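Next up, upload_29.cif (mmCIF, C-alpha atoms):
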data_upload
#
loop_
_atom_site.label_atom_id
_atom_site.label_comp_id
_atom_site.auth_asym_id
_atom_site.auth_seq_id
_atom_site.Cartn_x
_atom_site.Cartn_y
_atom_site.Cartn_z
CA MET A 177 -30.69 -0.76 22.29
CA PRO A 178 -32.43 -0.01 18.94
CA PRO A 179 -30.26 1.69 16.29
CA ARG A 180 -30.61 5.44 15.79
CA GLN A 181 -31.00 6.41 12.12
CA ILE A 182 -28.66 9.00 10.61
CA ASP A 183 -29.27 9.90 6.98
CA SER A 184 -26.32 9.37 4.62
CA ASP A 185 -25.91 9.40 0.87
CA GLU A 186 -22.50 7.75 1.01
CA CYS A 187 -23.12 4.17 2.18
CA ARG A 188 -20.58 2.13 0.24
CA TYR A 189 -21.18 -1.55 0.94
CA ASP A 190 -24.07 -3.83 1.65
CA GLY A 191 -23.50 -5.69 4.89
CA ASP A 192 -27.06 -7.04 4.76
CA THR A 193 -25.81 -9.86 2.51
CA TYR A 194 -23.57 -11.18 5.30
CA ALA A 195 -25.78 -10.49 8.32
CA ASP A 196 -27.24 -13.98 8.76
CA VAL A 197 -23.91 -15.82 8.31
CA TYR A 198 -21.35 -13.46 9.80
CA ASP A 199 -21.23 -14.85 13.33
CA ASP A 200 -21.28 -18.47 12.14
CA TRP A 201 -18.38 -17.85 9.76
CA TYR A 202 -16.13 -15.73 11.92
CA ASP A 203 -16.82 -16.09 15.66
CA SER A 204 -14.75 -19.24 16.03
CA ARG A 205 -11.92 -17.98 13.78
CA LEU A 206 -11.23 -14.68 15.55
CA ASP A 207 -9.83 -14.05 19.02
CA THR A 208 -12.51 -11.73 20.31
CA ALA A 209 -11.41 -12.06 23.95
CA ALA A 210 -7.91 -10.78 23.09
CA ALA A 211 -9.42 -7.87 21.11
CA VAL A 212 -11.66 -6.87 24.02
CA ALA A 213 -8.78 -7.03 26.52
CA PHE A 214 -6.52 -4.96 24.24
CA LEU A 215 -9.13 -2.27 23.66
CA LYS A 216 -10.27 -2.10 27.27
CA GLU A 217 -6.70 -1.40 28.36
CA LEU A 218 -6.65 1.69 26.14
CA ALA A 219 -9.90 3.01 27.63
CA PRO A 220 -10.74 1.17 30.86
CA SER A 221 -13.80 3.38 31.28
CA GLY A 222 -15.36 6.06 29.16
CA ARG A 223 -16.78 6.29 25.66
CA ALA A 224 -15.81 3.98 22.79
CA LEU A 225 -16.84 4.10 19.15
CA GLU A 226 -16.62 1.18 16.71
CA LEU A 227 -16.83 1.97 13.01
CA GLY A 228 -18.15 -1.00 11.05
CA VAL A 229 -19.64 -2.61 14.16
CA GLY A 230 -21.46 -5.38 12.28
CA THR A 231 -23.24 -7.76 14.64
CA GLY A 232 -21.34 -6.46 17.68
CA ARG A 233 -18.78 -9.27 17.92
CA ILE A 234 -16.39 -6.95 19.79
CA ALA A 235 -18.69 -4.11 20.85
CA VAL A 236 -21.08 -6.22 22.95
CA PRO A 237 -18.45 -7.84 25.20
CA LEU A 238 -16.53 -4.56 25.38
CA ALA A 239 -19.64 -2.81 26.67
CA ALA A 240 -20.07 -5.61 29.19
CA GLU A 241 -16.64 -4.62 30.55
CA GLY A 242 -18.02 -1.22 31.53
CA LEU A 243 -17.42 0.99 28.50
CA ASP A 244 -20.10 3.19 26.96
CA VAL A 245 -19.96 1.80 23.39
CA THR A 246 -21.51 3.21 20.23
CA GLY A 247 -21.40 1.13 17.05
CA VAL A 248 -21.76 2.52 13.52
CA ASP A 249 -22.71 0.44 10.49
CA THR A 250 -24.45 0.99 7.16
CA SER A 251 -26.36 -2.31 7.35
CA PRO A 252 -29.75 -2.37 9.10
CA LEU A 253 -29.69 -6.17 9.25
CA MET A 254 -26.26 -6.18 10.92
CA LEU A 255 -27.56 -3.65 13.43
CA LYS A 256 -30.64 -5.78 14.07
CA ARG A 257 -28.34 -8.70 14.92
CA LEU A 258 -26.48 -6.36 17.26
CA THR A 259 -29.72 -5.33 18.95
CA ASP A 260 -30.87 -8.95 19.25
CA LYS A 261 -27.77 -9.76 21.31
CA GLY A 262 -28.96 -7.40 24.01
CA GLY A 263 -26.55 -5.34 26.06
CA THR A 264 -26.02 -1.60 26.12
CA VAL A 265 -24.34 -0.85 22.77
CA THR A 266 -25.94 2.08 20.94
CA GLY A 267 -26.31 1.21 17.26
CA VAL A 268 -26.18 3.96 14.66
CA GLN A 269 -26.95 3.38 10.99
CA ALA A 270 -24.55 5.63 9.11
CA ASP A 271 -21.48 5.73 6.89
CA MET A 272 -18.22 5.74 8.87
CA VAL A 273 -16.91 8.57 6.68
CA CYS A 274 -19.67 11.05 7.46
CA VAL A 275 -21.19 9.93 10.76
CA ASP A 276 -21.87 12.88 13.05
CA LEU A 277 -22.25 12.13 16.75
CA PRO A 278 -22.52 14.35 19.83
CA GLY A 279 -19.52 14.66 22.12
CA SER A 280 -16.21 12.88 21.74
CA PHE A 281 -14.80 9.41 22.33
CA ASP A 282 -11.85 8.14 24.38
CA LEU A 283 -11.40 5.17 22.03
CA ILE A 284 -12.29 4.82 18.34
CA TYR A 285 -11.56 1.55 16.59
CA VAL A 286 -12.01 -0.13 13.21
CA ALA A 287 -11.60 -3.91 13.37
CA PHE A 288 -11.19 -6.78 10.92
CA SER A 289 -9.93 -4.66 7.98
CA SER A 290 -13.27 -2.84 7.80
CA LEU A 291 -11.46 0.38 6.86
CA PHE A 292 -10.61 -1.24 3.52
CA LEU A 293 -14.32 -1.53 2.66
CA LEU A 294 -14.03 2.18 1.89
CA ASP A 295 -12.86 1.54 -1.64
CA SER A 296 -10.86 4.68 -2.41
CA GLN A 297 -7.90 6.39 -0.78
CA ASP A 298 -9.89 9.63 -0.51
CA ALA A 299 -12.62 7.86 1.47
CA GLN A 300 -10.07 6.26 3.79
CA VAL A 301 -8.37 9.60 4.45
CA ALA A 302 -11.79 11.12 5.12
CA CYS A 303 -12.45 8.36 7.66
CA PHE A 304 -9.20 9.16 9.49
CA ALA A 305 -10.24 12.83 9.51
CA ARG A 306 -13.63 11.89 10.96
CA MET A 307 -11.98 9.78 13.68
CA ALA A 308 -9.59 12.64 14.54
CA ARG A 309 -12.56 15.00 14.81
CA LEU A 310 -14.48 12.68 17.16
CA LEU A 311 -11.50 11.75 19.37
CA SER A 312 -11.23 13.07 22.91
CA PRO A 313 -8.01 14.78 24.02
CA GLY A 314 -5.62 11.99 24.99
CA GLY A 315 -7.77 9.38 23.26
CA ARG A 316 -6.64 6.61 20.93
CA VAL A 317 -7.60 5.37 17.48
CA VAL A 318 -7.08 1.66 16.72
CA VAL A 319 -7.00 0.16 13.23
CA GLU A 320 -6.84 -3.61 12.71
CA ALA A 321 -6.05 -4.68 9.15
CA PHE A 322 -4.36 -7.32 7.04
CA VAL A 323 -0.95 -6.73 5.50
CA PRO A 324 -1.26 -6.79 1.70
CA ASP A 325 0.29 -9.84 0.03
CA ALA A 326 0.46 -9.66 -3.76
CA THR A 327 1.95 -13.16 -3.93
CA ARG A 328 -1.55 -14.58 -3.31
CA TYR A 329 -2.48 -13.69 -6.87
CA ARG A 330 -1.40 -15.36 -10.09
CA GLN A 331 -2.08 -13.17 -13.09
CA ASP A 332 -3.96 -10.97 -10.61
CA GLN A 333 -6.52 -13.69 -9.86
CA ASN A 334 -7.02 -16.16 -7.04
CA VAL A 335 -9.35 -18.99 -6.05
CA SER A 336 -9.15 -20.21 -2.45
CA LEU A 337 -11.01 -22.66 -0.22
CA GLU A 338 -12.32 -21.03 2.96
CA ASP A 339 -14.31 -23.81 4.60
CA MET A 340 -15.44 -27.34 3.84
CA ALA A 341 -17.71 -29.52 5.93
CA ALA A 342 -20.13 -32.38 5.42
CA GLY A 343 -22.77 -31.04 3.05
CA SER A 344 -21.28 -27.60 2.45
CA VAL A 345 -18.31 -25.78 0.98
CA ARG A 346 -17.27 -22.13 0.81
CA PHE A 347 -14.63 -20.70 -1.49
CA GLU A 348 -13.60 -17.30 -2.81
CA LEU A 349 -12.87 -16.01 -6.30
CA ALA A 350 -10.89 -12.78 -6.37
CA GLU A 351 -9.58 -10.33 -8.94
CA HIS A 352 -6.70 -8.02 -8.01
CA ASP A 353 -5.94 -4.56 -9.43
CA PRO A 354 -2.40 -3.71 -8.22
CA VAL A 355 -2.55 -0.16 -9.59
CA GLU A 356 -5.69 0.89 -7.73
CA GLN A 357 -4.95 -1.53 -4.85
CA VAL A 358 -8.46 -2.89 -5.23
CA ILE A 359 -9.72 -6.45 -4.77
CA ARG A 360 -13.06 -7.48 -6.27
CA ALA A 361 -14.19 -10.82 -4.94
CA THR A 362 -17.14 -13.12 -4.42
CA ARG A 363 -17.50 -15.77 -1.75
CA VAL A 364 -19.48 -18.76 -3.00
CA HIS A 365 -21.32 -20.94 -0.49
CA ILE A 366 -22.76 -24.28 -1.62
CA GLY A 367 -24.94 -26.10 0.88
CA ASP A 368 -28.25 -27.80 1.50
CA SER A 369 -30.14 -24.61 0.66
CA GLY A 370 -28.40 -24.20 -2.69
CA ILE A 371 -25.79 -21.72 -3.90
CA ARG A 372 -25.35 -18.26 -2.38
CA LEU A 373 -23.04 -15.51 -3.61
CA PHE A 374 -21.44 -12.95 -1.29
CA PRO A 375 -19.70 -10.22 -3.33
CA TYR A 376 -17.47 -7.54 -1.89
CA ARG A 377 -14.96 -4.94 -3.00
CA LEU A 378 -12.14 -3.46 -0.95
CA ARG A 379 -9.23 -1.10 -1.35
CA TYR A 380 -6.21 -2.18 0.72
CA ALA A 381 -3.38 -0.06 2.08
CA THR A 382 0.02 -0.84 3.54
CA PRO A 383 0.77 0.01 7.16
CA SER A 384 3.02 2.88 6.08
CA GLU A 385 0.27 4.28 3.85
CA LEU A 386 -2.16 4.15 6.77
CA ASP A 387 0.38 6.03 8.89
CA LEU A 388 0.60 8.76 6.26
CA MET A 389 -3.19 9.02 6.05
CA ALA A 390 -3.27 9.41 9.81
CA ARG A 391 -0.56 12.09 9.77
CA LEU A 392 -2.53 14.08 7.19
CA CYS A 393 -5.40 14.16 9.68
CA GLY A 394 -3.43 15.11 12.78
CA LEU A 395 -2.88 11.61 14.13
CA ARG A 396 0.45 9.97 14.87
CA LEU A 397 1.38 6.29 15.26
CA ALA A 398 1.75 5.44 18.93
CA GLY A 399 2.43 1.71 18.52
CA ARG A 400 1.93 -1.30 16.29
CA VAL A 401 1.74 -5.01 17.08
CA GLY A 402 1.09 -8.10 15.01
CA GLY A 403 -2.24 -8.88 16.69
CA TYR A 404 -4.43 -8.23 19.70
CA ASP A 405 -2.32 -10.76 21.61
CA ARG A 406 0.52 -8.20 21.34
CA ARG A 407 2.88 -10.41 19.35
CA PRO A 408 5.58 -8.28 17.69
CA PHE A 409 4.94 -6.80 14.28
CA THR A 410 7.63 -8.05 11.89
CA ARG A 411 8.28 -8.37 8.17
CA ASP A 412 6.50 -11.73 8.29
CA SER A 413 3.32 -10.45 9.95
CA ARG A 414 0.12 -11.03 8.00
CA SER A 415 -1.92 -8.53 10.00
CA HIS A 416 -1.41 -5.63 12.37
CA VAL A 417 -3.13 -3.66 15.10
CA SER A 418 -2.03 -0.01 14.93
CA VAL A 419 -2.68 2.57 17.64
CA TYR A 420 -2.77 6.30 16.83
CA ARG A 421 -2.96 9.38 19.01
CA SER A 422 -3.42 13.09 18.32
CA ASP A 423 -0.30 15.01 17.39
CA ASP A 424 -0.85 17.33 20.35
CA ALA A 425 -1.46 14.52 22.88
#

Mind turning this structure into structure tokens?
Amino acid sequence: MPPRQIDSDECRYDGDTYADVYDDWYDSRLDTAAAVAFLKELAPSGRALELGVGTGRIAVPLAAEGLDVTGVDTSPLMLKRLTDKGGTVTGVQADMVCVDLPGSFDLIYVAFSSLFLLDSQDAQVACFARMARLLSPGGRVVVEAFVPDATRYRQDQNVSLEDMAAGSVRFELAEHDPVEQVIRATRVHIGDSGIRLFPYRLRYATPSELDLMARLCGLRLAGRVGGYDRRPFTRDSRSHVSVYRSDDA
């Protein structure tokens, strides 16, 4: 379905840069089937909202399972990719902080650390408030994110290889600000077509900080696992999937 435009003055990142490479880079690395099964169990039927939907990696197969899925993203090119996949997902071009939609949702989720693309704590709290406002009574909010690891950075910098194949290489250069909890980075792709740069900026948060943000907005942690496959969340976990519910649920 074609995306519905909602005006916003607060779009914070440019997903257009990644639109033509996103699926190639990430589809094979991420367990989408496990994510869909996990989310469907929380809302086997009803309305679901994905914030930061991108190309619909999760939203499209989730809608195919019978849910009425709406996907929000700031990037028109990402939403075009979503539309090109077909299916019944309703795409909405808007900022996840200020999106205003009719009705409420049984499931609201933010996958793949997309919450951290809101690069201030105030913006992240505002997003939790928006999710609480749009959530149906008894509904659930799901946040998937990485667990911060400061040991990745030497003198608050890091260079890492992401992918290497015949004729191409992709690596990342990152700068870390531990005070603001901000990472400024650029992915560099070198291939047959030349050199392309993919910059991004994010503001990370610990799981406990996310829990506090949620509490400030009337949401309470209902459970946390180390991944969509439901492995336990431990001190060694590198990512988490956290489920929140309304305080009065």

Atom pair atom CA of Thr410 of chain A / atom CA of Phe288 of chain A: separation (Å): 18.9 Å

Within 6 Å of segment 251-257 of chain A using all atoms listed in the file, minus same-chain residues under 6 positions, as a PyMOL selection string: chain A and resi 191-192+195+230-231

Explicit residue set for the PyMOL selection byres ((chain A and resi 369-386) around 7), as a ChimeraX atom specification: /A:193,292-296,323-324,357-368,387-390

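Among the candidates A:Ala350, A:Ala321, A:Leu206, A:Val273, the one nearest to Gly402 of chain A when counting only C-alpha atoms is A:Ala321.
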
Computed interatomic separation between atom CA of Phe409 of chain A and atom CA of Phe322 of chain A (Å):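 That distance, rounded to one decimal, is 11.8 Å.
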
Nearest to Arg205 of chain A, chosen from A:Glu351, A:Asp260, A:Asp405, A:Asp339, with only C-alpha atoms counted in the distances: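 The shortest atom-to-atom distance to Arg205 of chain A comes from A:Asp339.
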
Evaluate the PyMOL selection byres ((chain A and resi 338) around 9) here and jot the selected residues down as a PDB file with C-alpha atoms, in the frame of the given file.
ATOM      1  CA  SER A 336      -9.150 -20.210  -2.450  1.00  0.00           C
ATOM      2  CA  LEU A 337     -11.010 -22.660  -0.220  1.00  0.00           C
ATOM      3  CA  ASP A 339     -14.310 -23.810   4.600  1.00  0.00           C
ATOM      4  CA  MET A 340     -15.440 -27.340   3.840  1.00  0.00           C
ATOM      5  CA  VAL A 345     -18.310 -25.780   0.980  1.00  0.00           C
ATOM      6  CA  ARG A 346     -17.270 -22.130   0.810  1.00  0.00           C
ATOM      7  CA  PHE A 347     -14.630 -20.700  -1.490  1.00  0.00           C
ATOM      8  CA  GLU A 348     -13.600 -17.300  -2.810  1.00  0.00           C
ATOM      9  CA  ARG A 363     -17.500 -15.770  -1.750  1.00  0.00           C
TER      10      ARG A 363
END

Point-to-point distance from atom CA of Glu241 of chain A to atom CA of Ala219 of chain A, Å rounded to tenths: 10.6 Å

Neighbour residues at most 9 Å from (-2.8, 13.9, 10.6) (all atoms listed in the file) as a ChimeraX atom specification: /A:304-305,308,387-396,422-423

Nearest to Arg233 of chain A by atom-to-atom distance, counting only C-alpha atoms, from A:Ser344, A:Ser221, A:Thr250, A:Thr208: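 Using only C-alpha atoms, the shortest distance to Arg233 of chain A belongs to A:Thr208.
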
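Take the PyMOL selection byres ((chain A and resi 312) around 12) and apply it to this file: it picks A:Ala219, A:Gly222, A:Arg223, A:Ala224, A:Leu225, A:Pro278, A:Gly279, A:Ser280, A:Phe281, A:Asp282, A:Leu283, A:Ile284, A:Met307, A:Ala308, A:Arg309, A:Leu310, A:Leu311, A:Pro313, A:Gly314, A:Gly315, A:Arg316, A:Val317, A:Arg421, A:Ser422, A:Asp424, A:Ala425.
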
Shell around Val417 of chain A at 7 Å using all atoms listed in the file, local window under 6 positions removed, as a PyMOL selection string: chain A and resi 318-321+400-404

Local residues around (-20.6, -2.8, 32.0), at most 12 Å away, using only C-alpha atoms, as a ChimeraX atom specification: /A:216,220-223,235-245,263-265

A:Ile234, A:Leu218, A:Cys274, A:Val335 ranked by distance to Asp199 of chain A, top pick (using all atoms listed in the file): A:Ile234

Please, what is the axis-aligned box for every listed atom of segment 249-252 of chain A with 3 Å on each side, as centre and edge lengths in Å to one decimal, as AutoDock Vina command-line options?
--center_x -26.2 --center_y -0.7 --center_z 8.8 --size_x 13.0 --size_y 9.4 --size_z 9.3

Any chance you could model all heavy atoms for segment 406-417 of chain A and send them as a compact mmCIF listing (two decimals), in the coordinates of the input?
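To be explicit, this is the file written out as out-v3.txt:
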# COMPACT_ATOMS: atom_id res chain seq x y z
N ARG A 406 -0.69 -9.01 21.18
CA ARG A 406 0.52 -8.20 21.34
C ARG A 406 1.80 -8.88 20.84
O ARG A 406 2.90 -8.49 21.22
CB ARG A 406 0.71 -7.76 22.81
CG ARG A 406 -0.42 -6.90 23.32
CD ARG A 406 -0.15 -6.37 24.71
NE ARG A 406 -1.25 -5.55 25.19
CZ ARG A 406 -1.42 -4.26 24.90
NH1 ARG A 406 -0.54 -3.65 24.13
NH2 ARG A 406 -2.45 -3.60 25.38
N ARG A 407 1.66 -9.87 19.96
CA ARG A 407 2.88 -10.41 19.35
C ARG A 407 3.55 -9.32 18.53
O ARG A 407 2.88 -8.44 17.98
CB ARG A 407 2.55 -11.61 18.48
CG ARG A 407 1.60 -11.36 17.34
CD ARG A 407 1.24 -12.67 16.63
NE ARG A 407 0.31 -12.48 15.53
CZ ARG A 407 -1.00 -12.46 15.66
NH1 ARG A 407 -1.54 -12.60 16.87
NH2 ARG A 407 -1.79 -12.29 14.62
N PRO A 408 4.88 -9.35 18.40
CA PRO A 408 5.58 -8.28 17.69
C PRO A 408 5.16 -8.20 16.22
O PRO A 408 4.84 -9.22 15.59
CB PRO A 408 7.06 -8.69 17.81
CG PRO A 408 7.11 -9.58 19.01
CD PRO A 408 5.81 -10.32 19.03
N PHE A 409 5.17 -7.00 15.70
CA PHE A 409 4.94 -6.80 14.28
C PHE A 409 6.28 -6.89 13.56
O PHE A 409 7.21 -6.16 13.86
CB PHE A 409 4.30 -5.44 14.03
CG PHE A 409 4.03 -5.17 12.57
CD1 PHE A 409 2.99 -5.79 11.92
CD2 PHE A 409 4.84 -4.31 11.85
CE1 PHE A 409 2.74 -5.56 10.57
CE2 PHE A 409 4.61 -4.07 10.50
CZ PHE A 409 3.56 -4.69 9.86
N THR A 410 6.38 -7.82 12.61
CA THR A 410 7.63 -8.05 11.89
C THR A 410 7.36 -8.09 10.39
O THR A 410 6.22 -8.00 9.94
CB THR A 410 8.27 -9.39 12.31
OG1 THR A 410 7.46 -10.48 11.80
CG2 THR A 410 8.35 -9.51 13.83
N ARG A 411 8.41 -8.29 9.63
CA ARG A 411 8.28 -8.37 8.17
C ARG A 411 7.44 -9.57 7.73
O ARG A 411 6.93 -9.60 6.61
CB ARG A 411 9.66 -8.44 7.53
CG ARG A 411 10.47 -9.66 7.94
CD ARG A 411 11.87 -9.62 7.36
NE ARG A 411 11.86 -9.70 5.91
CZ ARG A 411 12.95 -9.59 5.15
NH1 ARG A 411 14.14 -9.38 5.72
NH2 ARG A 411 12.87 -9.70 3.84
N ASP A 412 7.29 -10.55 8.61
CA ASP A 412 6.50 -11.73 8.29
C ASP A 412 5.05 -11.66 8.76
O ASP A 412 4.27 -12.58 8.52
CB ASP A 412 7.16 -12.97 8.91
CG ASP A 412 8.56 -13.23 8.35
OD1 ASP A 412 8.75 -13.06 7.14
OD2 ASP A 412 9.45 -13.58 9.14
N SER A 413 4.68 -10.57 9.42
CA SER A 413 3.32 -10.45 9.95
C SER A 413 2.30 -10.37 8.82
O SER A 413 2.52 -9.68 7.82
CB SER A 413 3.21 -9.20 10.83
OG SER A 413 4.03 -9.30 11.97
N ARG A 414 1.19 -11.04 9.01
CA ARG A 414 0.12 -11.03 8.00
C ARG A 414 -0.99 -10.06 8.36
O ARG A 414 -1.89 -9.81 7.56
CB ARG A 414 -0.45 -12.44 7.85
CG ARG A 414 0.59 -13.46 7.41
CD ARG A 414 0.04 -14.86 7.31
NE ARG A 414 -1.00 -14.96 6.29
CZ ARG A 414 -1.69 -16.06 6.04
NH1 ARG A 414 -1.47 -17.15 6.77
NH2 ARG A 414 -2.61 -16.09 5.10
N SER A 415 -0.94 -9.52 9.57
CA SER A 415 -1.92 -8.53 10.00
C SER A 415 -1.27 -7.62 11.03
O SER A 415 -0.16 -7.89 11.51
CB SER A 415 -3.16 -9.21 10.59
OG SER A 415 -2.82 -9.94 11.75
N HIS A 416 -1.96 -6.54 11.36
CA HIS A 416 -1.41 -5.63 12.37
C HIS A 416 -2.55 -4.95 13.12
O HIS A 416 -3.68 -4.85 12.61
CB HIS A 416 -0.51 -4.57 11.71
CG HIS A 416 -1.22 -3.65 10.76
ND1 HIS A 416 -1.71 -2.42 11.13
CD2 HIS A 416 -1.53 -3.79 9.45
CE1 HIS A 416 -2.28 -1.83 10.08
NE2 HIS A 416 -2.19 -2.65 9.05
N VAL A 417 -2.25 -4.52 14.31
CA VAL A 417 -3.13 -3.66 15.10
C VAL A 417 -2.32 -2.40 15.39
O VAL A 417 -1.30 -2.45 16.09
CB VAL A 417 -3.58 -4.34 16.40
CG1 VAL A 417 -4.45 -3.38 17.22
CG2 VAL A 417 -4.34 -5.63 16.10
